[in-house]
Structures are given as C-alpha cells and as structure tokens.
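Visitor: The structure's right below; bear with me while I get my questions together.
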Amino acid sequence: MMYNSTRDKSVRVTAAQAITRGISEEGGLFVPEQIPALSLAEIESLVSRNYIERAEFVLSRFLTDFTADEVNDCATSAYCEERFPGDHPAPVHMLKNGTAVLELWHGPTCAFKDMALQILPHLMRVSAGKTVGNNEIVILVATSGDTGKAALEGFRDAPNTRILVFYPENGVSPMQKLQMTTQEGGNVGVCAIRGNFDDAQTGVKTIFTDPAVKAKLAEQGRQFSSANSINWGRLLPQIVYYISAYCDMLKNGTIQLGDAINVVVPTGNFGNILAAYYAREMGLPIKRLVCASNCNNVLTEFLQTGTYDRNRTFHTTISPSMDILISSNLERLLFHLCGNDDRQTADWMQQLKTDGRYTVSAEVLAKIQALFDAGWCDDTQTKDEIRAIYEDEGYLCDTHTAVALRVYREYRERTGDTTPTVVASTANPYKFSASVLDALQSDCAVADEFAVVEALNALTGCPIPPSLAALKGKQPRFTGVCDRDTMEQTVFELLG
Ligand SMILES: *Cc1c(COP(=O)(O)O)cnc(C)c1O
C-alpha cells in the first residue's frame, strides 16, 4: 500500500516514509492510495479479540511495509495495561438513554490523543529504521492543549528523537498547561507562543516546509517530523477504536452484525472524525458522521454551505482543544471527495491561505452532506449538557464530550434519527475541572486548580486520575514564551 500527497499525486511513498516525513514537501498531506476493505465476517471475527489484537488487524492492513512482528510490537507496547490501566484502552459506556459513549481518555494524559500518541513513537521508530538511517528525528508539535502533553509523554526519552511543543499562551486550561510545563525527560522542550492555536499550527507548518531550515537541520544530522494529526501515523490508530466500539456494541447486544451506527465527534482539527470516515470507507456500517463544534463553528458552516471561511472572530471557549479555525485534516476529506483531484485540492488550500476562504462545488458538497451532519453549541449550552447528563445519567463528562452530546441531542430532535449512536468522549472531566464544577454548581468560587479538582471529587465521587493528582505542587520546568515569527529561532535554541 502506497501513500500520495493531497497536493501532488505524483508524490508516492511507503507508510514508513509518510510517517517519518509527517507532511509532504509541497505542503500536502499523505493519504492512502486505496482504502483496504473490511468485511462483516472480519468484523465478527474481531468481536472476541482484545484491543491490541483489533489494533494489529487494522494497522497491518495499512502498514504493508511493516512485518507482522513489527506491528505486533508497536500495538503491544502502546496499549499495554501499564499505559492504559483497566481492562480496555477504549471502553464503551452505555448511557441509560441508549447512547454509547466511547471513552478515549484512559491513557496517561487523560485525553483521546493518547490513543494515537502512545503508539506513534513506536510506529516512528520502526519507520525511521526503514528510511532515515541515523538522523535524529525532531518532532515539532503545535497544540491546542492535549496533543502537546500526549506527544511529550509518548516521545519522552525515545532514542534518537527530540520533541518540541508550542502551545498558545492563553489558550489552554490550567491543568493542560501544568501537564506540559512540568514534563520530565531529557529530550523534551516546551514553549508558549503569543497567539492562538492557528498561529502555532501555521508557524509549525511554515518551519516544516522551509527548505533553508531543512538544510540547516540536515547539517546537524537531524530531520523534522510531526506528531500532529497531519501525520498519517496519528490518524491510523484512531480508525481502530471505531471498529472496536462497533465490536463492543455487538458484544453487549446494542446492535446486530451489519446494523448501521451513527458516530458523533467533538471536532477541532478534523482528525478524529476523519478516522471514523476512514473506518466507514473500509466497510464499517456507519450511517452518519456528526461533526460537533463549539462557537468556533467554521466546520458547521462549511458542512452546511460548502464555504469554508476562516475570516471570523476566534473565540476562547471552555472546550479549548476545539478552538481552531483552520482544520488541517479537512484537506484529506476534500481530496477523497473530489475524486483524488490533487490540483483542485491544492487550489482550495491556496485560496484558504491567500483569501482565508474557499467554496467547493455543488457536487462535492452533495457528497459531503450525504455523509456528514454538523452542529455547534456555545459555552452555556455545553454546561447545561454537563449538568443534564450528570443529573439524568449519573455520568460526569468533560466539556468537549458535552459539546458532542449536546449536538447529538439537537440532531436527534431535528432529524428523528434513532440509529444506535456512538459519541466520542475525548477527555477526562478533571482536565477541565473548573468548567465542569461550574456547570454542576454555578456558585463555586475556588481559586486554586487542585482545590477545584478536590471540590469536584467531593461533589461527584468521580475518581481523580492519578497522573493528574500527581501534578499537585510540581514546579514548572519550561516557562519560555515566544512570538510566531521567533518560533524558528526558539526551535534551534531548544535543540541546543
Ligand atoms: C484534540 C481534541 C479534540 C479535537 O479533535 P480533532 O481530532 O482535532 O478534531 C476534541 N476534544 C479533545 C479533548 C481534544 O483533545
């Protein structure tokens, strides 16, 4: 199986090359040349297997240049019990109202990013062994909060690898910030940037594709790669859990083999929902993909009208990991839906860069709308949903998951669609304790982050994840702040 760039189909690379490079030289993203098929019989055969075995099955379909042992080693190292305590890395929690909540936050940093970032370092180690010889890999990350910590934790002390993370100075939750600035490990660097996530992401992409920077790194025996969801190695492991959730719903009797499900995903960079799209393309019976946004609703508008317009106010919300106006992975979907037309895709992306907007054809919009539905909600509605789900179901969810649950509630009322539905739950509520506590008890006035955590625990009895509790009293290691145009300089300073 080979991979093409979305902006130049003549670029054709192996999975190992796609994973080590992260992004194609002309700025395109790597996509599989064809999508492997998954039959109902194969799905059925996965029902009795555990998560590691399900992952091996799916990964090996796409990583045809990896040996079976290599895939096995990656999956086993990533999804072991030491990394994902409990008996399932991605369990399905059934609400009383019949909705299946796919909990993706049982990893070390308590957000769904762990599902991919625990395995990416292993995929990259194997890939680098096949492609880059002895070059040191420098992973450059722009984060809206959760990717940064998950990447730092995944790559810490990985041999022959450095990891540098940029986060928006005022755009992450206190817990997210503390998680990153206290990161341990000899190969890590963290810096805040004055700007928002889009500034960080654009800065990172610019550094990546700058030939002068590339040459300078090469002189030092180094090369860049990416741990953002522009990297195929981030998306691929996310396909697994949608297939796994379907298997678990078969197992618990919610559905019969072949029944369609809907999938609702709280969306930012369009990575997680795109993985569900790929699962559907493989053959997983998914009827609709519902894209849920906060008031940075650029995707809702796009999926409803066909016009993507980032010329709008950027809002800071209580679901900060979705505060994004440039959703990178949409490019992959557009490429597929316009018939793998690289020139058309490159053209839209150029318009996005120069004018901040583009409009797809009526034909492409029709294809999009046959698959996707979309909705958004504001912070007040998000909090109302947290409270409603807690009161009705006794289930505590984080702000991002609440956006998805709220949008799903609205979707069901609007369409009357009662198809069994999976809602992706992307973070543990304690990552956003202040907003969650505020939703349950609006008169709370607790100042210190850990006092909030303890108050939320006292109120709900929901267990505090040990990795978050351990941050209490920890001193930050990384206090630097830079501007978007000094990011490149900061990269070389951090590399030393
Ligand atoms: C990253 C993140 C999202 C958005 O996921 P995308 O793949 O960027 O669409 C949603 N919720 C949480 C908690 C996240 O960390």
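Residues are named by chain letter and number: chains run A, B, ... in the order of the structure tokens, numbers start at 1 in each chain, and ligands are numbered from 1 in the order shown.
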What does the list of residues within 6 Å of ligand 1 look like if you count only C-alpha atoms and all ligand atoms, written as a ChimeraX atom specification?

Guide: /A:111,146,266-272,321-322,400,426-427

Visitor: Show which residues sit within 12 Å of Asp198 of chain A, as an mmCIF file with N, CA and C atoms, in the first residue's frame. Count only C-alpha atoms, and ignore same-chain residues fewer than 5 positions away.

Guide:
```
data_model
loop_
_atom_site.group_PDB
_atom_site.id
_atom_site.type_symbol
_atom_site.label_atom_id
_atom_site.label_comp_id
_atom_site.auth_asym_id
_atom_site.auth_seq_id
_atom_site.Cartn_x
_atom_site.Cartn_y
_atom_site.Cartn_z
ATOM 1 N N ALA A 142 2.446 21.631 17.356
ATOM 2 C CA ALA A 142 1.604 22.760 17.750
ATOM 3 C C ALA A 142 0.409 22.151 18.455
ATOM 4 N N THR A 143 0.040 22.702 19.608
ATOM 5 C CA THR A 143 -1.034 22.051 20.355
ATOM 6 C C THR A 143 -2.095 23.036 20.813
ATOM 7 N N SER A 144 -3.346 22.567 20.815
ATOM 8 C CA SER A 144 -4.404 23.352 21.435
ATOM 9 C C SER A 144 -4.590 22.855 22.871
ATOM 10 N N PHE A 166 4.837 23.666 21.036
ATOM 11 C CA PHE A 166 4.390 25.065 21.144
ATOM 12 C C PHE A 166 2.902 25.106 21.454
ATOM 13 N N TYR A 167 2.550 25.850 22.500
ATOM 14 C CA TYR A 167 1.121 25.972 22.843
ATOM 15 C C TYR A 167 0.738 27.445 22.979
ATOM 16 N N PRO A 168 -0.546 27.798 22.700
ATOM 17 C CA PRO A 168 -0.973 29.199 22.830
ATOM 18 C C PRO A 168 -0.964 29.614 24.301
ATOM 19 N N GLY A 171 -4.356 29.956 25.738
ATOM 20 C CA GLY A 171 -5.393 29.157 25.077
ATOM 21 C C GLY A 171 -5.552 27.748 25.609
ATOM 22 N N ILE A 193 3.452 30.315 22.941
ATOM 23 C CA ILE A 193 3.559 31.375 21.953
ATOM 24 C C ILE A 193 2.465 32.415 22.168
ATOM 25 N N GLY A 203 2.719 28.438 12.217
ATOM 26 C CA GLY A 203 4.159 28.595 12.455
ATOM 27 C C GLY A 203 4.906 27.280 12.277
ATOM 28 N N VAL A 204 4.352 26.228 12.841
ATOM 29 C CA VAL A 204 4.994 24.909 12.734
ATOM 30 C C VAL A 204 5.021 24.445 11.272
ATOM 31 N N LYS A 205 3.908 24.628 10.570
ATOM 32 C CA LYS A 205 3.861 24.205 9.166
ATOM 33 C C LYS A 205 4.876 24.989 8.331
ATOM 34 N N THR A 206 5.023 26.279 8.636
ATOM 35 C CA THR A 206 5.972 27.106 7.893
ATOM 36 C C THR A 206 7.406 26.624 8.118
ATOM 37 N N GLY A 268 -12.105 19.459 16.167
ATOM 38 C CA GLY A 268 -11.267 20.647 16.063
ATOM 39 C C GLY A 268 -10.514 20.630 14.751
ATOM 40 N N ASN A 269 -9.481 19.802 14.719
ATOM 41 C CA ASN A 269 -8.626 19.716 13.537
ATOM 42 C C ASN A 269 -9.148 18.684 12.524
ATOM 43 N N ASN A 296 -16.549 28.246 17.766
ATOM 44 C CA ASN A 296 -15.660 28.361 16.604
ATOM 45 C C ASN A 296 -16.217 27.409 15.542
ATOM 46 N N ARG A 310 -12.440 31.227 7.158
ATOM 47 C CA ARG A 310 -11.795 31.406 8.453
ATOM 48 C C ARG A 310 -11.731 32.876 8.870
ATOM 49 N N PHE A 314 -11.990 34.655 16.430
ATOM 50 C CA PHE A 314 -11.563 33.457 17.147
ATOM 51 C C PHE A 314 -12.074 33.561 18.582
ATOM 52 N N HIS A 315 -12.809 32.534 19.030
ATOM 53 C CA HIS A 315 -13.347 32.574 20.398
ATOM 54 C C HIS A 315 -12.576 31.636 21.308
ATOM 55 N N SER A 321 -9.657 22.623 23.363
ATOM 56 C CA SER A 321 -8.997 21.755 22.387
ATOM 57 C C SER A 321 -9.710 21.795 21.038
ATOM 58 N N MET A 322 -10.840 22.483 20.976
ATOM 59 C CA MET A 322 -11.570 22.644 19.725
ATOM 60 C C MET A 322 -11.592 24.106 19.280
ATOM 61 N N ASP A 323 -10.769 24.939 19.901
ATOM 62 C CA ASP A 323 -10.700 26.347 19.494
ATOM 63 C C ASP A 323 -9.754 26.464 18.302
ATOM 64 N N ILE A 324 -10.283 26.159 17.134
ATOM 65 C CA ILE A 324 -9.474 26.042 15.927
ATOM 66 C C ILE A 324 -10.282 26.595 14.756
ATOM 67 N N LEU A 325 -9.651 27.401 13.930
ATOM 68 C CA LEU A 325 -10.351 27.890 12.735
ATOM 69 C C LEU A 325 -9.797 27.293 11.439
ATOM 70 N N ILE A 326 -8.615 26.677 11.525
ATOM 71 C CA ILE A 326 -8.073 26.029 10.319
ATOM 72 C C ILE A 326 -7.945 24.535 10.611
ATOM 73 N N SER A 327 -8.912 23.778 10.124
ATOM 74 C CA SER A 327 -8.946 22.349 10.402
ATOM 75 C C SER A 327 -8.158 21.594 9.345
ATOM 76 N N SER A 328 -6.938 21.250 9.692
ATOM 77 C CA SER A 328 -5.994 20.690 8.708
ATOM 78 C C SER A 328 -6.500 19.465 7.964
ATOM 79 N N ARG A 484 5.175 34.314 17.131
ATOM 80 C CA ARG A 484 5.074 33.424 15.974
ATOM 81 C C ARG A 484 6.296 33.556 15.073
#
```

Visitor: May I have all residues of segment 108-192 of chain A that DSSP, computed from the backbone, assigns to helix (DSSP H, G or I), given as a PyMOL selection string?

Guide: chain A and resi 113-117+120-131+146-155+174-181

Visitor: Store the residues picked out above in a file with N, CA, C and O atoms, as a short mmCIF file (atom, residue, chain, number, x, y, z; two decimals), in the first residue's frame.

Guide:
```
data_model
loop_
_atom_site.label_atom_id
_atom_site.label_comp_id
_atom_site.auth_asym_id
_atom_site.auth_seq_id
_atom_site.Cartn_x
_atom_site.Cartn_y
_atom_site.Cartn_z
N LYS A 113 -5.98 11.91 22.69
CA LYS A 113 -4.72 11.98 21.94
C LYS A 113 -3.78 10.81 22.30
O LYS A 113 -2.98 10.40 21.47
N ASP A 114 -3.92 10.29 23.51
CA ASP A 114 -3.07 9.15 23.90
C ASP A 114 -3.29 7.93 23.01
O ASP A 114 -2.38 7.13 22.82
N MET A 115 -4.50 7.78 22.50
CA MET A 115 -4.80 6.59 21.70
C MET A 115 -3.85 6.51 20.50
O MET A 115 -3.46 5.43 20.08
N ALA A 116 -3.50 7.68 19.95
CA ALA A 116 -2.57 7.69 18.82
C ALA A 116 -1.14 7.96 19.27
O ALA A 116 -0.20 7.39 18.73
N LEU A 117 -0.98 8.82 20.28
CA LEU A 117 0.37 9.26 20.61
C LEU A 117 1.12 8.28 21.50
O LEU A 117 2.32 8.41 21.68
N LEU A 120 2.34 6.19 18.23
CA LEU A 120 3.11 6.89 17.19
C LEU A 120 4.63 6.78 17.38
O LEU A 120 5.34 6.53 16.41
N PRO A 121 5.16 6.94 18.60
CA PRO A 121 6.62 6.81 18.74
C PRO A 121 7.14 5.45 18.28
O PRO A 121 8.22 5.36 17.71
N HIS A 122 6.35 4.41 18.51
CA HIS A 122 6.77 3.08 18.07
C HIS A 122 6.69 2.96 16.55
O HIS A 122 7.60 2.42 15.91
N LEU A 123 5.60 3.49 15.98
CA LEU A 123 5.48 3.48 14.52
C LEU A 123 6.63 4.28 13.90
O LEU A 123 7.20 3.89 12.87
N MET A 124 7.00 5.36 14.58
CA MET A 124 8.05 6.20 14.02
C MET A 124 9.42 5.54 14.15
O MET A 124 10.24 5.64 13.25
N ARG A 125 9.65 4.88 15.26
CA ARG A 125 10.93 4.17 15.45
C ARG A 125 11.10 3.13 14.35
O ARG A 125 12.15 3.05 13.70
N VAL A 126 10.06 2.33 14.11
CA VAL A 126 10.15 1.30 13.09
C VAL A 126 10.31 1.95 11.70
O VAL A 126 11.16 1.54 10.90
N SER A 127 9.52 3.00 11.46
CA SER A 127 9.58 3.68 10.17
C SER A 127 10.95 4.30 9.93
O SER A 127 11.50 4.20 8.83
N ALA A 128 11.49 4.94 10.96
CA ALA A 128 12.80 5.60 10.82
C ALA A 128 13.86 4.55 10.50
O ALA A 128 14.75 4.79 9.69
N GLY A 129 13.76 3.39 11.12
CA GLY A 129 14.71 2.31 10.86
C GLY A 129 14.70 1.89 9.40
O GLY A 129 15.70 1.45 8.85
N LYS A 130 13.55 2.08 8.75
CA LYS A 130 13.43 1.68 7.34
C LYS A 130 13.82 2.80 6.39
O LYS A 130 14.00 2.57 5.21
N THR A 131 13.88 4.04 6.89
CA THR A 131 14.01 5.16 5.94
C THR A 131 15.16 6.12 6.18
O THR A 131 15.83 6.50 5.24
N ASP A 146 -4.12 19.31 24.36
CA ASP A 146 -4.00 17.89 24.67
C ASP A 146 -2.93 17.16 23.86
O ASP A 146 -2.24 16.27 24.38
N THR A 147 -2.77 17.52 22.60
CA THR A 147 -1.74 16.86 21.79
C THR A 147 -0.36 17.05 22.40
O THR A 147 0.45 16.13 22.44
N GLY A 148 -0.09 18.27 22.87
CA GLY A 148 1.24 18.59 23.40
C GLY A 148 1.65 17.63 24.49
O GLY A 148 2.69 16.98 24.42
N LYS A 149 0.80 17.52 25.50
CA LYS A 149 1.15 16.65 26.63
C LYS A 149 1.23 15.18 26.19
O LYS A 149 2.13 14.45 26.58
N ALA A 150 0.28 14.77 25.36
CA ALA A 150 0.27 13.36 24.94
C ALA A 150 1.51 13.05 24.11
O ALA A 150 2.11 11.97 24.24
N ALA A 151 1.95 14.00 23.28
CA ALA A 151 3.15 13.78 22.47
C ALA A 151 4.39 13.77 23.35
O ALA A 151 5.29 12.93 23.18
N LEU A 152 4.45 14.68 24.32
CA LEU A 152 5.61 14.72 25.23
C LEU A 152 5.73 13.41 25.99
O LEU A 152 6.81 12.83 26.12
N GLU A 153 4.60 12.94 26.46
CA GLU A 153 4.60 11.70 27.24
C GLU A 153 4.94 10.50 26.34
O GLU A 153 5.68 9.62 26.75
N GLY A 154 4.42 10.51 25.12
CA GLY A 154 4.70 9.40 24.21
C GLY A 154 6.15 9.34 23.78
O GLY A 154 6.74 8.26 23.68
N PHE A 155 6.75 10.50 23.52
CA PHE A 155 8.11 10.52 22.96
C PHE A 155 9.20 10.75 24.00
O PHE A 155 10.36 10.81 23.65
N PRO A 174 -5.68 25.44 32.83
CA PRO A 174 -4.57 25.41 33.80
C PRO A 174 -3.95 24.01 33.94
O PRO A 174 -2.74 23.87 34.04
N MET A 175 -4.81 22.99 33.92
CA MET A 175 -4.30 21.62 34.07
C MET A 175 -3.47 21.24 32.85
O MET A 175 -2.40 20.63 32.97
N GLN A 176 -3.94 21.61 31.67
CA GLN A 176 -3.18 21.30 30.44
C GLN A 176 -1.81 21.98 30.49
O GLN A 176 -0.79 21.38 30.14
N LYS A 177 -1.80 23.24 30.93
CA LYS A 177 -0.55 23.99 30.97
C LYS A 177 0.43 23.34 31.95
O LYS A 177 1.61 23.13 31.64
N LEU A 178 -0.08 23.00 33.11
CA LEU A 178 0.76 22.37 34.14
C LEU A 178 1.30 21.03 33.65
O LEU A 178 2.46 20.68 33.88
N GLN A 179 0.46 20.29 32.97
CA GLN A 179 0.91 18.99 32.44
C GLN A 179 2.12 19.18 31.52
O GLN A 179 3.05 18.39 31.53
N MET A 180 2.08 20.23 30.69
CA MET A 180 3.16 20.41 29.71
C MET A 180 4.40 21.04 30.33
O MET A 180 5.52 20.60 30.08
N THR A 181 4.20 22.09 31.16
CA THR A 181 5.38 22.82 31.65
C THR A 181 6.17 22.00 32.68
O THR A 181 7.31 22.31 32.96
#
```

Visitor: What does the distance between atom CA of Met282 of chain A and atom CA of Asn50 of chain A come to in Å, to one decimal place?

Guide: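 About the pair atom CA of Met282 of chain A and atom CA of Asn50 of chain A: they are 20.0 Å apart.
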
Visitor: Between A:Glu281, A:Glu301, A:Asp417, A:Asp199, which is the closest to Asp485 of chain A once you count only C-alpha atoms?

Guide: A:Asp199

Visitor: Would you list, as a tab-separated table (two decimals) with all heavy atoms, in the first residue's frame, the residues of segment 164-209 of chain A that end up in strand (DSSP E) under DSSP run on this structure's backbone?

Guide:
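What landed in part_15.tsv:
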```tsv
chain	number	residue	atom	x	y	z
A	164	LEU	N	9.60	18.90	20.57
A	164	LEU	CA	9.41	20.31	20.92
A	164	LEU	C	7.95	20.69	20.73
A	164	LEU	O	7.37	20.43	19.68
A	164	LEU	CB	10.27	21.21	20.02
A	164	LEU	CG	11.75	20.87	19.93
A	164	LEU	CD1	12.45	21.82	18.97
A	164	LEU	CD2	12.41	20.93	21.31
A	165	VAL	N	7.38	21.32	21.75
A	165	VAL	CA	5.95	21.62	21.73
A	165	VAL	C	5.69	23.13	21.88
A	165	VAL	O	6.28	23.76	22.76
A	165	VAL	CB	5.23	20.86	22.88
A	165	VAL	CG1	3.80	21.34	23.04
A	165	VAL	CG2	5.28	19.36	22.64
A	166	PHE	N	4.84	23.67	21.04
A	166	PHE	CA	4.39	25.06	21.14
A	166	PHE	C	2.90	25.11	21.45
A	166	PHE	O	2.11	24.48	20.76
A	166	PHE	CB	4.63	25.80	19.82
A	166	PHE	CG	6.10	26.01	19.52
A	166	PHE	CD1	6.80	25.09	18.75
A	166	PHE	CD2	6.77	27.12	20.03
A	166	PHE	CE1	8.14	25.27	18.48
A	166	PHE	CE2	8.11	27.31	19.75
A	166	PHE	CZ	8.81	26.39	18.97
A	167	TYR	N	2.55	25.85	22.50
A	167	TYR	CA	1.12	25.97	22.84
A	167	TYR	C	0.74	27.45	22.98
A	167	TYR	O	1.57	28.27	23.32
A	167	TYR	CB	0.81	25.21	24.15
A	167	TYR	CG	1.41	25.82	25.39
A	167	TYR	CD1	0.68	26.75	26.15
A	167	TYR	CD2	2.68	25.48	25.82
A	167	TYR	CE1	1.23	27.31	27.29
A	167	TYR	CE2	3.24	26.05	26.95
A	167	TYR	CZ	2.50	26.97	27.69
A	167	TYR	OH	3.04	27.55	28.82
A	168	PRO	N	-0.55	27.80	22.70
A	168	PRO	CA	-0.97	29.20	22.83
A	168	PRO	C	-0.96	29.61	24.30
A	168	PRO	O	-1.59	28.96	25.14
A	168	PRO	CB	-2.39	29.20	22.25
A	168	PRO	CG	-2.84	27.79	22.27
A	168	PRO	CD	-1.63	26.92	22.23
A	188	VAL	N	13.02	16.66	25.72
A	188	VAL	CA	11.80	17.42	25.53
A	188	VAL	C	12.04	18.92	25.64
A	188	VAL	O	12.97	19.37	26.31
A	188	VAL	CB	10.71	17.01	26.56
A	188	VAL	CG1	10.45	15.52	26.52
A	188	VAL	CG2	11.09	17.44	27.97
A	189	GLY	N	11.21	19.72	24.95
A	189	GLY	CA	11.24	21.18	25.08
A	189	GLY	C	9.82	21.70	24.90
A	189	GLY	O	9.04	21.17	24.11
A	190	VAL	N	9.47	22.74	25.68
A	190	VAL	CA	8.11	23.29	25.62
A	190	VAL	C	8.22	24.80	25.62
A	190	VAL	O	9.03	25.36	26.36
A	190	VAL	CB	7.29	22.83	26.86
A	190	VAL	CG1	5.91	23.46	26.85
A	190	VAL	CG2	7.18	21.31	26.92
A	191	CYS	N	7.44	25.48	24.78
A	191	CYS	CA	7.44	26.93	24.77
A	191	CYS	C	6.03	27.45	24.47
A	191	CYS	O	5.34	26.90	23.61
A	191	CYS	CB	8.42	27.45	23.72
A	191	CYS	SG	8.66	29.23	23.78
A	192	ALA	N	5.61	28.49	25.18
A	192	ALA	CA	4.33	29.12	24.90
A	192	ALA	C	4.51	30.09	23.74
A	192	ALA	O	5.61	30.60	23.52
A	192	ALA	CB	3.83	29.88	26.13
A	193	ILE	N	3.45	30.31	22.94
A	193	ILE	CA	3.56	31.38	21.95
A	193	ILE	C	2.47	32.41	22.17
A	193	ILE	O	1.36	32.10	22.61
A	193	ILE	CB	3.59	30.87	20.48
A	193	ILE	CG1	2.20	30.77	19.89
A	193	ILE	CG2	4.32	29.59	20.29
A	193	ILE	CD1	2.30	30.96	18.39
A	194	ARG	N	2.84	33.68	21.87
A	194	ARG	CA	1.86	34.76	21.94
A	194	ARG	C	0.99	34.65	20.70
A	194	ARG	O	1.43	35.00	19.61
A	194	ARG	CB	2.55	36.12	21.99
A	194	ARG	CG	3.28	36.35	23.29
A	194	ARG	CD	3.93	37.72	23.37
A	194	ARG	NE	4.89	37.69	24.46
A	194	ARG	CZ	6.19	37.44	24.31
A	194	ARG	NH1	6.71	37.25	23.12
A	194	ARG	NH2	6.98	37.39	25.36
```

Visitor: Which one is closest to Tyr430 of chain A: A:Thr300, A:Trp376, A:Asp8, A:Trp105? Count only C-alpha atoms.

Guide: A:Trp105

Visitor: Per residue of segment 21-115 of chain A within 8 Å of segment 465-474 of chain A, record the nearest atom pair and its distance in Å to one decimal, counting only C-alpha atoms, with rows in chain order and ascending residue number, as CSV.

Guide:
```
residue,atom,partner,partner_atom,distance
A:Pro108,CA,A:Ser467,CA,6.6
A:Thr109,CA,A:Ser467,CA,7.0
A:Cys110,CA,A:Pro465,CA,7.6
```

Visitor: Please indicate the distance in Å from atom CA of Val92 of chain A to atom CA of Cys247 of chain A, rounded to one decimal place.

Guide: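 Separation of atom CA of Val92 of chain A and atom CA of Cys247 of chain A: 10.0 Å.
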
Visitor: Within 8 Å of Phe62 of chain A, counting only C-alpha atoms, which residues qualify if same-chain residues fewer than 3 places away don't, as a tab-separated table (two decimals) with N, CA and C atoms, in the first residue's frame?

Guide:
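See around_29.tsv below for the written result:
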```tsv
chain	number	residue	atom	x	y	z
A	1	MET	N	0.84	-1.20	0.00
A	1	MET	CA	0.00	0.00	0.00
A	1	MET	C	0.87	1.25	0.00
A	15	ALA	N	4.31	3.68	3.72
A	15	ALA	CA	3.78	4.11	5.02
A	15	ALA	C	4.92	4.63	5.89
A	32	PRO	N	-3.82	7.31	1.97
A	32	PRO	CA	-3.63	6.00	1.36
A	32	PRO	C	-4.17	5.99	-0.07
A	36	PRO	N	-8.25	-0.19	2.31
A	36	PRO	CA	-8.49	-1.63	2.40
A	36	PRO	C	-9.91	-1.94	2.88
A	58	VAL	N	-6.16	-4.03	12.14
A	58	VAL	CA	-6.41	-2.83	11.33
A	58	VAL	C	-5.10	-2.22	10.84
A	59	LEU	N	-4.13	-2.09	11.73
A	59	LEU	CA	-2.86	-1.44	11.36
A	59	LEU	C	-2.16	-2.19	10.23
A	236	LEU	N	-4.16	6.85	11.64
A	236	LEU	CA	-4.36	5.41	11.50
A	236	LEU	C	-4.79	4.73	12.82
```

Visitor: In Å, how far is it from atom CA of Asp65 of chain A to atom CA of Gly283 of chain A?

Guide: 22.6 Å

Visitor: So which one's closest to Leu250 of chain A, A:Val31, A:Ile318, A:Leu40, A:Ile139? Using only C-alpha atoms, please.

Guide: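 Nearest candidate to Leu250 of chain A out of A:Val31, A:Ile318, A:Leu40, A:Ile139: A:Leu40.
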
Visitor: Skip Gln381 of chain A itself and residues of its chain fewer than 5 positions away, then list as a PyMOL selection string all residues within 12 Å of it, counting only C-alpha atoms.

Guide: chain A and resi 293-295+317-319+376+386-388+399-400+402-407+409-410+439
